[in-house]
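One file, upload.cif, is given below (mmCIF, C-alpha atoms).
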data_my_file
loop_
_atom_site.label_atom_id
_atom_site.label_comp_id
_atom_site.auth_asym_id
_atom_site.auth_seq_id
_atom_site.Cartn_x
_atom_site.Cartn_y
_atom_site.Cartn_z
CA MET A 27 141.78 -60.76 62.77
CA ARG A 28 141.18 -58.24 59.98
CA ILE A 29 143.64 -58.46 57.09
CA PHE A 30 143.82 -55.67 54.52
CA TYR A 31 144.55 -57.01 51.05
CA SER A 32 143.97 -56.08 47.41
CA PRO A 33 144.95 -58.18 44.38
CA LYS A 34 146.05 -54.93 42.72
CA CYS A 35 149.34 -55.30 44.59
CA LEU A 36 150.11 -58.32 42.38
CA GLU A 37 150.14 -56.24 39.19
CA TYR A 38 153.88 -55.62 38.91
CA SER A 39 156.86 -57.96 38.75
CA LEU A 40 160.33 -58.45 37.34
CA PRO A 41 161.55 -61.94 36.37
CA GLY A 42 163.94 -63.27 38.98
CA HIS A 43 163.26 -60.47 41.45
CA PRO A 44 162.73 -61.91 44.96
CA GLU A 45 160.00 -59.38 45.78
CA SER A 46 157.50 -61.21 43.60
CA PRO A 47 153.70 -61.18 43.49
CA GLU A 48 153.67 -64.91 44.26
CA ARG A 49 154.86 -64.31 47.83
CA VAL A 50 151.70 -62.34 48.62
CA SER A 51 149.25 -64.29 46.47
CA ALA A 52 150.38 -67.58 48.03
CA THR A 53 149.96 -66.10 51.51
CA TYR A 54 146.49 -64.84 50.67
CA ASN A 55 145.46 -68.25 49.30
CA TYR A 56 146.87 -70.00 52.39
CA LEU A 57 145.01 -67.74 54.82
CA LYS A 58 141.76 -67.63 52.86
CA GLY A 59 139.06 -69.64 54.60
CA LYS A 60 140.84 -69.63 57.94
CA TRP A 61 139.87 -67.53 60.96
CA VAL A 62 140.63 -64.17 59.29
CA GLU A 63 138.48 -61.59 57.53
CA PHE A 64 139.84 -59.84 54.44
CA ILE A 65 139.09 -56.16 53.83
CA VAL A 66 139.93 -54.32 50.61
CA PRO A 67 142.03 -51.25 51.45
CA GLY A 68 141.94 -47.82 49.86
CA PRO A 69 144.93 -45.72 48.80
CA CYS A 70 146.42 -43.10 51.04
CA SER A 71 146.46 -39.44 50.02
CA ASP A 72 149.44 -37.45 48.80
CA GLU A 73 149.21 -35.54 52.08
CA ASP A 74 149.64 -38.80 54.00
CA ILE A 75 152.80 -39.61 52.04
CA LEU A 76 154.18 -36.13 52.72
CA LEU A 77 153.99 -36.82 56.44
CA ALA A 78 157.01 -39.08 55.91
CA HIS A 79 158.54 -38.09 52.57
CA THR A 80 159.72 -35.10 50.60
CA PRO A 81 157.66 -33.67 47.73
CA GLU A 82 160.58 -34.57 45.44
CA LEU A 83 160.33 -38.29 46.26
CA LEU A 84 156.56 -38.23 45.85
CA ASP A 85 156.92 -36.54 42.46
CA SER A 86 159.62 -38.92 41.24
CA VAL A 87 157.47 -41.98 41.95
CA ARG A 88 154.38 -40.32 40.46
CA LYS A 89 156.25 -39.58 37.23
CA GLU A 90 158.14 -42.91 37.33
CA LYS A 91 161.37 -40.94 36.97
CA PHE A 92 163.88 -42.75 39.14
CA ILE A 93 166.62 -45.33 38.69
CA ASP A 94 167.25 -48.04 41.27
CA PHE A 95 168.35 -51.58 40.42
CA ASP A 96 166.55 -53.19 43.35
CA THR A 97 163.52 -50.91 43.14
CA PRO A 98 162.70 -50.58 39.44
CA SER A 99 160.09 -48.41 37.83
CA PHE A 100 156.93 -50.18 36.66
CA PRO A 101 153.90 -48.75 34.85
CA GLY A 102 151.37 -47.80 37.51
CA ILE A 103 153.77 -48.29 40.42
CA PHE A 104 152.72 -44.96 41.96
CA ASP A 105 149.13 -46.08 42.41
CA ILE A 106 150.17 -49.50 43.71
CA ALA A 107 152.64 -47.99 46.19
CA LYS A 108 149.95 -45.55 47.37
CA LEU A 109 147.59 -48.47 47.86
CA SER A 110 150.16 -50.40 49.90
CA ALA A 111 150.76 -47.35 52.09
CA GLY A 112 147.00 -46.78 52.29
CA SER A 113 146.50 -50.35 53.44
CA ALA A 114 148.92 -49.71 56.30
CA VAL A 115 147.00 -46.54 57.20
CA ASN A 116 143.71 -48.45 57.03
CA ALA A 117 145.12 -51.13 59.33
CA ALA A 118 146.28 -48.48 61.80
CA MET A 119 142.98 -46.59 61.80
CA HIS A 120 140.93 -49.77 62.20
CA CYS A 121 143.13 -50.81 65.10
CA LEU A 122 142.75 -47.44 66.82
CA THR A 123 138.99 -47.34 66.25
CA THR A 124 138.13 -50.88 67.32
CA GLY A 125 141.06 -51.99 69.48
CA GLU A 126 141.42 -55.06 67.25
CA LYS A 127 144.76 -56.21 65.92
CA THR A 128 145.11 -55.85 62.16
CA PHE A 129 147.53 -56.90 59.41
CA SER A 130 148.29 -55.42 56.01
CA LEU A 131 149.13 -58.13 53.47
CA MET A 132 150.38 -55.91 50.66
CA ARG A 133 153.37 -55.09 48.50
CA PRO A 134 155.58 -53.21 47.87
CA PRO A 135 157.14 -53.23 51.34
CA GLY A 136 158.35 -49.96 52.79
CA HIS A 137 160.92 -49.84 55.57
CA HIS A 138 163.94 -49.04 53.35
CA ALA A 139 162.35 -45.89 51.89
CA THR A 140 163.96 -42.90 53.62
CA ARG A 141 162.49 -39.44 53.80
CA SER A 142 163.99 -38.49 50.44
CA ASN A 143 164.97 -41.74 48.71
CA LEU A 144 163.40 -45.03 47.67
CA GLY A 145 165.37 -48.29 47.67
CA GLY A 146 165.54 -51.90 48.79
CA PHE A 147 162.27 -52.88 47.03
CA CYS A 148 160.50 -49.96 48.82
CA TYR A 149 158.92 -46.87 47.22
CA PHE A 150 157.10 -45.29 50.18
CA ASN A 151 157.60 -46.14 53.84
CA ASN A 152 154.29 -47.77 54.75
CA ILE A 153 154.95 -48.21 58.47
CA ALA A 154 156.22 -44.66 58.88
CA ILE A 155 153.27 -43.16 57.02
CA ALA A 156 150.77 -45.20 59.03
CA SER A 157 152.51 -44.40 62.31
CA LEU A 158 152.62 -40.67 61.60
CA LYS A 159 148.96 -40.79 60.62
CA ALA A 160 148.14 -42.63 63.86
CA LYS A 161 150.02 -39.95 65.80
CA GLU A 162 147.33 -37.47 64.75
CA LYS A 163 144.93 -39.39 67.00
CA ILE A 164 147.04 -40.67 69.89
CA GLY A 165 150.10 -39.76 71.93
CA LYS A 166 153.00 -42.18 71.40
CA VAL A 167 153.84 -44.85 68.84
CA ALA A 168 156.37 -47.67 69.15
CA ILE A 169 157.52 -49.37 65.95
CA VAL A 170 158.95 -52.89 66.23
CA ASP A 171 160.73 -54.15 63.12
CA PHE A 172 161.64 -57.85 62.97
CA ASP A 173 162.60 -57.95 59.30
CA CYS A 174 166.04 -59.45 58.71
CA HIS A 175 167.23 -56.19 57.16
CA HIS A 176 167.59 -52.98 59.13
CA GLY A 177 164.80 -50.51 58.42
CA ASN A 178 167.12 -47.66 57.52
CA GLY A 179 164.23 -45.70 56.04
CA THR A 180 162.10 -45.95 59.14
CA GLU A 181 165.01 -44.90 61.34
CA ASP A 182 165.77 -41.97 59.02
CA ILE A 183 162.18 -40.73 59.27
CA MET A 184 161.65 -41.40 62.98
CA HIS A 185 165.03 -40.47 64.45
CA GLY A 186 164.74 -37.67 67.00
CA ARG A 187 160.93 -37.68 67.22
CA GLU A 188 160.27 -37.87 70.95
CA ASP A 189 156.79 -39.40 70.59
CA PHE A 190 158.13 -42.34 68.59
CA LEU A 191 160.31 -45.31 69.49
CA TYR A 192 161.89 -47.51 66.82
CA LEU A 193 163.17 -50.99 67.71
CA SER A 194 164.88 -53.13 65.07
CA LEU A 195 166.36 -56.62 65.22
CA HIS A 196 168.32 -57.40 62.07
CA GLN A 197 171.16 -59.42 60.64
CA SER A 198 174.54 -57.71 60.38
CA PRO A 199 176.47 -57.59 58.15
CA LEU A 200 173.69 -57.39 55.56
CA TYR A 201 172.06 -54.80 53.31
CA PRO A 202 171.73 -51.85 53.86
CA GLY A 203 174.65 -51.89 56.31
CA THR A 204 173.01 -49.56 58.82
CA GLY A 205 171.64 -50.08 62.34
CA LEU A 206 175.00 -50.96 63.86
CA ARG A 207 174.30 -49.02 67.05
CA SER A 208 171.41 -47.46 68.92
CA ARG A 209 170.91 -43.71 68.96
CA GLU A 210 168.37 -41.72 70.93
CA ASN A 211 164.88 -43.08 70.18
CA CYS A 212 166.15 -45.73 67.72
CA ILE A 213 167.13 -49.01 69.38
CA ASN A 214 169.09 -51.44 67.22
CA TYR A 215 170.03 -55.07 67.77
CA PRO A 216 172.46 -56.15 65.00
CA LEU A 217 172.62 -59.95 65.05
CA PRO A 218 175.30 -62.13 63.44
CA PRO A 219 174.56 -64.65 60.67
CA GLY A 220 173.51 -67.98 62.14
CA THR A 221 171.70 -66.44 65.12
CA THR A 222 169.51 -69.21 66.59
CA PRO A 223 165.81 -68.91 67.44
CA ASP A 224 166.57 -68.89 71.17
CA GLU A 225 169.20 -66.19 70.75
CA TYR A 226 166.84 -64.15 68.62
CA LEU A 227 163.96 -64.41 71.09
CA SER A 228 166.29 -63.44 73.93
CA ALA A 229 167.32 -60.30 72.04
CA LEU A 230 163.69 -59.51 71.29
CA GLN A 231 162.74 -59.93 74.94
CA ASP A 232 165.50 -57.50 75.88
CA GLY A 233 164.42 -55.04 73.18
CA LEU A 234 160.80 -55.11 74.25
CA LYS A 235 161.86 -53.81 77.67
CA HIS A 236 162.54 -50.50 75.91
CA VAL A 237 159.04 -50.60 74.45
CA GLU A 238 157.48 -51.32 77.83
CA LYS A 239 159.37 -48.41 79.39
CA PHE A 240 158.30 -46.11 76.55
CA ASN A 241 154.67 -47.17 77.18
CA PRO A 242 153.22 -46.40 73.73
CA ASP A 243 149.57 -45.84 72.95
CA VAL A 244 149.82 -48.08 69.90
CA LEU A 245 152.27 -50.68 68.61
CA ALA A 246 153.19 -50.66 64.90
CA VAL A 247 154.96 -53.78 63.59
CA SER A 248 157.12 -54.16 60.51
CA ALA A 249 156.70 -57.90 60.05
CA GLY A 250 159.50 -59.34 57.94
CA PHE A 251 159.87 -63.09 57.54
CA ASP A 252 163.29 -63.20 55.88
CA THR A 253 164.75 -64.23 59.25
CA TYR A 254 163.43 -67.71 58.40
CA LYS A 255 166.05 -70.45 58.08
CA LEU A 256 165.24 -71.19 54.43
CA ASP A 257 165.05 -67.62 53.18
CA PRO A 258 167.17 -67.39 50.02
CA ILE A 259 168.76 -63.97 50.64
CA THR A 260 169.56 -64.00 54.39
CA SER A 261 171.36 -66.13 56.98
CA LEU A 262 169.37 -66.30 60.22
CA THR A 263 167.80 -69.57 61.39
CA LEU A 264 164.31 -68.92 62.73
CA GLU A 265 161.76 -71.75 62.55
CA LYS A 266 158.10 -71.42 61.58
CA ASP A 267 156.95 -71.65 65.17
CA THR A 268 159.40 -68.89 66.16
CA TYR A 269 157.03 -66.43 64.51
CA ARG A 270 154.17 -67.54 66.71
CA LYS A 271 156.38 -66.82 69.71
CA ILE A 272 157.28 -63.41 68.28
CA GLY A 273 153.60 -62.62 67.77
CA GLY A 274 152.82 -63.75 71.29
CA MET A 275 155.56 -61.58 72.78
CA LEU A 276 154.21 -58.55 70.96
CA ALA A 277 150.64 -59.39 72.04
CA GLY A 278 151.95 -59.67 75.59
CA LEU A 279 152.62 -55.93 75.62
CA ASN A 280 148.82 -55.51 75.83
CA LYS A 281 148.68 -52.55 73.47
CA PRO A 282 146.51 -51.82 70.44
CA ALA A 283 148.64 -53.13 67.59
CA PHE A 284 148.77 -53.37 63.82
CA ALA A 285 151.33 -55.09 61.60
CA ILE A 286 152.32 -54.81 57.97
CA LEU A 287 154.21 -57.19 55.70
CA GLU A 288 157.80 -56.32 54.89
CA GLY A 289 160.20 -59.00 53.59
CA GLY A 290 160.15 -62.78 53.42
CA TYR A 291 161.06 -64.64 50.25
CA SER A 292 160.94 -68.36 50.98
CA ARG A 293 158.23 -70.71 49.75
CA ASP A 294 157.20 -71.15 53.39
CA LEU A 295 156.23 -67.49 53.80
CA PRO A 296 152.48 -68.28 54.04
CA GLU A 297 153.01 -70.63 56.98
CA CYS A 298 155.38 -68.19 58.70
CA VAL A 299 152.82 -65.39 58.41
CA HIS A 300 150.08 -67.68 59.69
CA GLN A 301 152.14 -68.62 62.74
CA PHE A 302 152.84 -64.98 63.49
CA LEU A 303 149.17 -64.05 63.25
CA LEU A 304 148.20 -66.90 65.59
CA GLY A 305 150.56 -65.53 68.23
CA PHE A 306 149.79 -61.88 67.50
CA GLU A 307 146.08 -62.35 68.16
CA GLU A 308 146.53 -64.24 71.44
#
Could you express the structure from this file as structure tokens?
Amino acid sequence: MRIFYSPKCLEYSLPGHPESPERVSATYNYLKGKWVEFIVPGPCSDEDILLAHTPELLDSVRKEKFIDFDTPSFPGIFDIAKLSAGSAVNAAMHCLTTGEKTFSLMRPPGHHATRSNLGGFCYFNNIAIASLKAKEKIGKVAIVDFDCHHGNGTEDIMHGREDFLYLSLHQSPLYPGTGLRSRENCINYPLPPGTTPDEYLSALQDGLKHVEKFNPDVLAVSAGFDTYKLDPITSLTLEKDTYRKIGGMLAGLNKPAFAILEGGYSRDLPECVHQFLLGFEE
């Protein structure tokens, strides 16, 4: 398993903010020395970002001229966000070139960034950028998002694109309050607080039928681990070993696949990621 990671993504933080550098550094330290190989990613280009976003959003992040309580401006955040998006692109390209599954262990996350707006800890939409870049080389892309929050940004960017399928399982009610119903190529499974691992896996199994029918050339995964039972900002009840089952179900689609880190804010994040990767590589 190739994991794309750079310590540069640890270079911004805000005291008390759940999207902290420790969540990624702890995961890196936990995985280091195991059966994975780390590769240092490179940044994406402005042109890559413009596949998914407006020039106005790109310019606002470049100039650090935006105001969002959850997604604050930091010195150098433009370069770090470009590197996180570039890591997702690198993971996608390596997957397409070699057929190997890959994972991007970077921050900031991305799936709340819409075409024209940042938000929800996200500056650029990493999974959307990487998927649109992958589309330049292959026919169809399916995006599976198992973060506890609905990927409103990914749906905004992908809605109506016939060569893309977006599947999201997420808690509802919960930020950002979207994803209450499916529409066209965007399949949503809003799940109530307290959803059990068995109930979650049943919903995922049902959702993956849409992916199988779509028959994508590559599978892109927004891997969020805030569905975990001890996550401090959500209310689902998944166990550590649930993530291995999720990874195994995705691997069972028998498609080239890459995954990128989205949310997950508990101290057990490293073990949850490890379990997912074990299943994902099966």
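Of the listed residues (A:Leu122, A:Leu77, A:Val170, A:Cys212), A:Val170 comes nearest to A:Ala249; the distances count all atoms listed in the file.
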Shortest contact to A:His138, candidates A:Pro67, A:Gly289, A:Gly274, A:Pro33, atoms counted all atoms listed in the file, goes to A:Gly289
Please evaluate the PyMOL selection byres ((chain A and resi 301-306) around 6) against the displayed coordinates and give the resulting residues as a PyMOL selection string. chain A and resi 269-270+273-274+277+298-300+307-308
Using the chain letters and residue numbers of this document, give as a VMD selection string the residues selected by the PyMOL selection byres ((chain A and resi 134) around 7). chain A and resid 107 110 132 to 133 135 to 136 147 to 148
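When only C-alpha atoms are used to measure the gap to A:Asp173, the shortest distance among A:Ala117, A:Ile272, A:Ala52, A:Leu40 belongs to A:Ile272.
Distances here use all atoms listed in the file; by that measure, the residue among A:Phe129, A:Tyr192, A:Phe172, A:Tyr254 closest to A:Gly220 is A:Tyr254.
By chain and then residue number, the residues within 7 Å of A:Ser248 are Ile153, Val170, Asp171, Phe172, Asp173, Ala246, Gly250, Ala285, Ile286, Leu287 and Glu288 of chain A, counting only C-alpha atoms and disregarding those fewer than 2 positions away in sequence.
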Kindly list the centre and edge lengths in Å, rounded to one decimal, for the axis-aligned box that covers all listed atoms of stretch 250-265 of chain A plus 3 Å on each of its six sides, as JSON.
{"center_x": 165.4, "center_y": -65.5, "center_z": 56.4, "size_x": 17.9, "size_y": 18.4, "size_z": 18.7}
One residue among A:Glu210, A:Glu181, A:Glu238, A:Glu126 is nearest to A:Arg28 when using all atoms listed in the file, and that residue is A:Glu126
Please write as a PDB file with C-alpha atoms, in the frame of the given file the full residue list that the PyMOL selection byres ((chain A and resi 48) around 12) yields on this file.
ATOM      1  CA  PRO A  33     144.950 -58.180  44.380  1.00  0.00           C
ATOM      2  CA  CYS A  35     149.340 -55.300  44.590  1.00  0.00           C
ATOM      3  CA  LEU A  36     150.110 -58.320  42.380  1.00  0.00           C
ATOM      4  CA  GLU A  37     150.140 -56.240  39.190  1.00  0.00           C
ATOM      5  CA  TYR A  38     153.880 -55.620  38.910  1.00  0.00           C
ATOM      6  CA  SER A  39     156.860 -57.960  38.750  1.00  0.00           C
ATOM      7  CA  LEU A  40     160.330 -58.450  37.340  1.00  0.00           C
ATOM      8  CA  PRO A  41     161.550 -61.940  36.370  1.00  0.00           C
ATOM      9  CA  GLY A  42     163.940 -63.270  38.980  1.00  0.00           C
ATOM     10  CA  HIS A  43     163.260 -60.470  41.450  1.00  0.00           C
ATOM     11  CA  PRO A  44     162.730 -61.910  44.960  1.00  0.00           C
ATOM     12  CA  GLU A  45     160.000 -59.380  45.780  1.00  0.00           C
ATOM     13  CA  SER A  46     157.500 -61.210  43.600  1.00  0.00           C
ATOM     14  CA  PRO A  47     153.700 -61.180  43.490  1.00  0.00           C
ATOM     15  CA  ARG A  49     154.860 -64.310  47.830  1.00  0.00           C
ATOM     16  CA  VAL A  50     151.700 -62.340  48.620  1.00  0.00           C
ATOM     17  CA  SER A  51     149.250 -64.290  46.470  1.00  0.00           C
ATOM     18  CA  ALA A  52     150.380 -67.580  48.030  1.00  0.00           C
ATOM     19  CA  THR A  53     149.960 -66.100  51.510  1.00  0.00           C
ATOM     20  CA  TYR A  54     146.490 -64.840  50.670  1.00  0.00           C
ATOM     21  CA  ASN A  55     145.460 -68.250  49.300  1.00  0.00           C
ATOM     22  CA  TYR A  56     146.870 -70.000  52.390  1.00  0.00           C
ATOM     23  CA  MET A 132     150.380 -55.910  50.660  1.00  0.00           C
ATOM     24  CA  ARG A 133     153.370 -55.090  48.500  1.00  0.00           C
ATOM     25  CA  GLY A 290     160.150 -62.780  53.420  1.00  0.00           C
ATOM     26  CA  TYR A 291     161.060 -64.640  50.250  1.00  0.00           C
ATOM     27  CA  SER A 292     160.940 -68.360  50.980  1.00  0.00           C
ATOM     28  CA  ARG A 293     158.230 -70.710  49.750  1.00  0.00           C
ATOM     29  CA  ASP A 294     157.200 -71.150  53.390  1.00  0.00           C
ATOM     30  CA  LEU A 295     156.230 -67.490  53.800  1.00  0.00           C
ATOM     31  CA  PRO A 296     152.480 -68.280  54.040  1.00  0.00           C
TER      32      PRO A 296
END
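Closest approach to A:Thr253 among A:Ser32, A:Thr204, A:Thr97, A:Thr222: A:Thr222, based on all atoms listed in the file.
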Neighbouring residues of A:Leu193 were defined as those with any atom within 12 Å, considering all atoms listed in the file; residues of the same chain fewer than 3 positions away were excluded. Please report them as an MDAnalysis selection string. chainID A and resid 167:173 176:178 180:181 184:185 190 196 205 207:216 229:238 240 245:248
Exercise: A:Leu158 partners within 8 Å, all atoms listed in the file, chain neighbours under 4 positions left out, as a PyMOL selection string: chain A and resi 77-78+154+162
Write to file, as an mmCIF file, keeping the file's coordinate frame, the residues of the selection just made, with C-alpha atoms.
data_model
loop_
_atom_site.group_PDB
_atom_site.id
_atom_site.type_symbol
_atom_site.label_atom_id
_atom_site.label_comp_id
_atom_site.auth_asym_id
_atom_site.auth_seq_id
_atom_site.Cartn_x
_atom_site.Cartn_y
_atom_site.Cartn_z
ATOM 1 C CA LEU A 77 153.990 -36.820 56.440
ATOM 2 C CA ALA A 78 157.010 -39.080 55.910
ATOM 3 C CA ALA A 154 156.220 -44.660 58.880
ATOM 4 C CA GLU A 162 147.330 -37.470 64.750
#
